[in-house]
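Chemist: Below are the structure tokens for one structure; questions will follow.
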Amino acid sequence: MLTVNQYDVAYGQSKVINDMNLTIGSNEIVAVLGRNGMGKTTLMKSLIGMIPSAGGSVALKDTEISGMKSHQRVASGLGFVPQGRMIFSTMTVEENIRTGLTSTKSNSIPEHLYELFPVLKEMKDRRGGNLSGGQQQQLAIARALASNPSLLLLDEPTEGIQPSIIREMARTLRKIRDEHGLAILVSEQVLSFAMDVADRILVIEKGNIVHDVPCADADPDTIARYLSV
Ligand SMILES: Nc1ncnc2c1ncn2[C@@H]1O[C@H](COP(=O)(O)OP(=O)(O)OP(=O)(O)O)[C@@H](O)[C@H]1O
């Protein structure tokens with residue numbers, strides 16, 4: 001599904017992703033855990049094409065995408081839920097979701113998105129900025145799903161979200177994977193959420209993967225040690 005090889009991303013002279021290798025299988029949910037500043041957001045933004053890479057390759061289903069612009073990557077099957085959600089606060093819920101349709105030929109919002117997130121249907125005429133944090137997160141996910149991605153990237157989706165909603169979010173993401181047959185790469189700092197949602201856990205340190213384990217074999221204490229400052 002996604003194969004990242006010898007991947008480098010730099011800000012000027014400062015290399016933030018360093019010779020990274022990473023694979024994600026079809027239908028797999030992979031969580032990338034790491035402390036602040038270890039490169040999670042840089043990895044996500046570079047995979048979606050917001051930051052250029054400095055070397056290496058990224059193949060999505062055998063198509064090399066590392067030279068593509070963001071909109072081409074979305075058309076190729078990547079969806080992105082950015083850190084902080086970045087919904088358009090003065091646009092309605094429906095208008096926000098519609099922005100996700102730009103790379104598709106369709107003009108109408110797929111009904112299954114409203115089935116997945118009924119609250120968005122109830123609130124479709126409200127401004128995005130008037131939604132709660134959890135509702136905005138649902139909106140950001142629905143917007144990303146509108147382009148029918150084969151791999152959904154989520155950057156720290158639990159940030160600023162209440163614990164009860166975080167558990168629901170893990171269930172929803174697994175349901176999306178099961179029903180739509182897509183893969184998910186999620187960056188996180190919350191270990192319990194990663195254990196709930198993922199099939200496999202990676203730990204990133206200084207721009208490289210230093211631990212890679214199936215969730216079933218993951219030792220929370222070992223991972224927690226990587227995350228402690
Ligand atoms: N625009 C930028 N210019 C220069 N350096 C940057 C820029 N953005 C991030 N960095 C640096 O790159 C490194 C990785 O940052 P990044 O935001 O990817 O980490 P992160 O793991 O997502 O952290 P957080 O959990 O705080 O979001 C940090 O040292 C950060 O200071």
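Chain labels A, B, ... are given in the sequence in which chains occur in the structure tokens; within each chain residues are numbered consecutively from 1, and ligands are likewise numbered from 1 in the order shown.
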Which residues are near ligand 1 - at most 12 Å, using only C-alpha atoms and all ligand atoms? Format: as number ranges by chain.

Modeler: A: 9-18, 32-47, 50-52, 82-84, 154-159, 186-190, 203-209, 227

Chemist: Run DSSP on the backbone and grab whatever in segment 57-96 of chain A lands in strand (DSSP E); send it over as a ChimeraX atom specification.

Modeler: /A:57-60,63-64,78-81

Chemist: Generate a file of the selected residues that holds N, CA and C atoms, formatted as a short mmCIF file (atom, residue, chain, number, x, y, z; two decimals), in the first residue's frame.

Modeler:
data_model
loop_
_atom_site.label_atom_id
_atom_site.label_comp_id
_atom_site.auth_asym_id
_atom_site.auth_seq_id
_atom_site.Cartn_x
_atom_site.Cartn_y
_atom_site.Cartn_z
N SER A 57 12.21 7.73 -1.62
CA SER A 57 11.02 7.54 -2.46
C SER A 57 9.80 7.21 -1.60
N VAL A 58 8.63 7.53 -2.15
CA VAL A 58 7.36 7.19 -1.51
C VAL A 58 6.46 6.59 -2.58
N ALA A 59 6.11 5.32 -2.43
CA ALA A 59 5.22 4.69 -3.41
C ALA A 59 3.88 4.38 -2.76
N LEU A 60 2.83 4.83 -3.41
CA LEU A 60 1.48 4.51 -2.97
C LEU A 60 0.90 3.56 -4.00
N THR A 63 2.63 3.47 -7.28
CA THR A 63 2.82 4.76 -7.98
C THR A 63 3.77 5.62 -7.15
N GLU A 64 4.83 6.10 -7.77
CA GLU A 64 5.77 6.98 -7.07
C GLU A 64 5.11 8.36 -6.94
N LEU A 78 -4.44 9.56 -1.32
CA LEU A 78 -4.10 9.94 0.05
C LEU A 78 -5.15 10.90 0.61
N GLY A 79 -5.53 10.71 1.86
CA GLY A 79 -6.39 11.66 2.56
C GLY A 79 -5.63 12.18 3.77
N PHE A 80 -5.89 13.43 4.18
CA PHE A 80 -5.09 14.02 5.26
C PHE A 80 -5.97 14.75 6.25
N VAL A 81 -5.79 14.41 7.54
CA VAL A 81 -6.45 15.14 8.63
C VAL A 81 -5.34 15.83 9.41
#

Chemist: Residues of segment 64-99 of chain A classed as helix (DSSP H, G or I) by DSSP on the backbone are to be reported as a PyMOL selection string.

Modeler: chain A and resi 70-76+93-99

Chemist: Check which residues of segment 8-35 of chain A sit at most 10 Å from segment 141-151 of chain A using only C-alpha atoms, and return one row each with the closest pair of atoms and their distance in Å to one decimal, ordered by chain and rising number, as a tab-separated table.

Modeler:
residue	atom	partner	partner_atom	distance
A:Ile24	CA	A:Leu151	CA	9.1
A:Gly25	CA	A:Leu151	CA	9.7
A:Ser26	CA	A:Ser150	CA	8.2
A:Asn27	CA	A:Leu151	CA	8.5
A:Glu28	CA	A:Leu151	CA	9.2
A:Ile29	CA	A:Leu151	CA	9.5

Chemist: Please, could you write that set of residues out with C-alpha atoms as a PDB file, in the first residue's frame?

Modeler:
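Produced file out.pdb, reproduced below:
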ATOM      1  CA  ILE A  24       1.990   0.106   5.529  1.00  0.00           C
ATOM      2  CA  GLY A  25      -0.107  -2.797   4.303  1.00  0.00           C
ATOM      3  CA  SER A  26      -3.551  -2.551   2.696  1.00  0.00           C
ATOM      4  CA  ASN A  27      -6.187  -2.312   5.420  1.00  0.00           C
ATOM      5  CA  GLU A  28      -3.548  -1.864   8.104  1.00  0.00           C
ATOM      6  CA  ILE A  29      -3.787   0.756  10.876  1.00  0.00           C
TER       7      ILE A  29
END

Chemist: Nearest residue to Gln136 of chain A out of A:Ala170, A:Ala31, A:Ile97, A:Leu191, using only C-alpha atoms?

Modeler: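 Closest residue, counting only C-alpha atoms: A:Ile97.
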
Chemist: Which is closest to Ser53 of chain A among A:Asp217, A:Asp8, A:Glu122, A:Glu168, if we use only C-alpha atoms?

Modeler: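 Closest residue, counting only C-alpha atoms: A:Asp8.
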
Chemist: I'd like the neighbourhood of Gln135 of chain A as a ChimeraX atom specification, where a residue qualifies if any of its atoms comes within 8 Å (using only C-alpha atoms), though same-chain residues fewer than 3 positions away should be ignored.

Modeler: /A:119-120,131-132,138-139

Chemist: Fewer than 6 positions away in the same chain doesn't count, so skip those; otherwise give me all residues within 6 Å of segment 86-94 of chain A, counting only C-alpha atoms, as JSON, numbers by chain.

Modeler: {"A": [124, 125, 126, 127, 128, 129]}

Chemist: Mind pulling up the distance from atom CA of Arg98 of chain A to atom CA of Thr172 of chain A?

Modeler: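 Going from atom CA of Thr172 of chain A over to atom CA of Arg98 of chain A covers 20.9 Å.
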
Chemist: I'd like to know which of A:Ile48, A:Ala54, A:Met169, A:Val210 is closest to Ala75 of chain A, using only C-alpha atoms.

Modeler: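 Looking at the shortest contact to Ala75 of chain A, the residue is A:Ile48.
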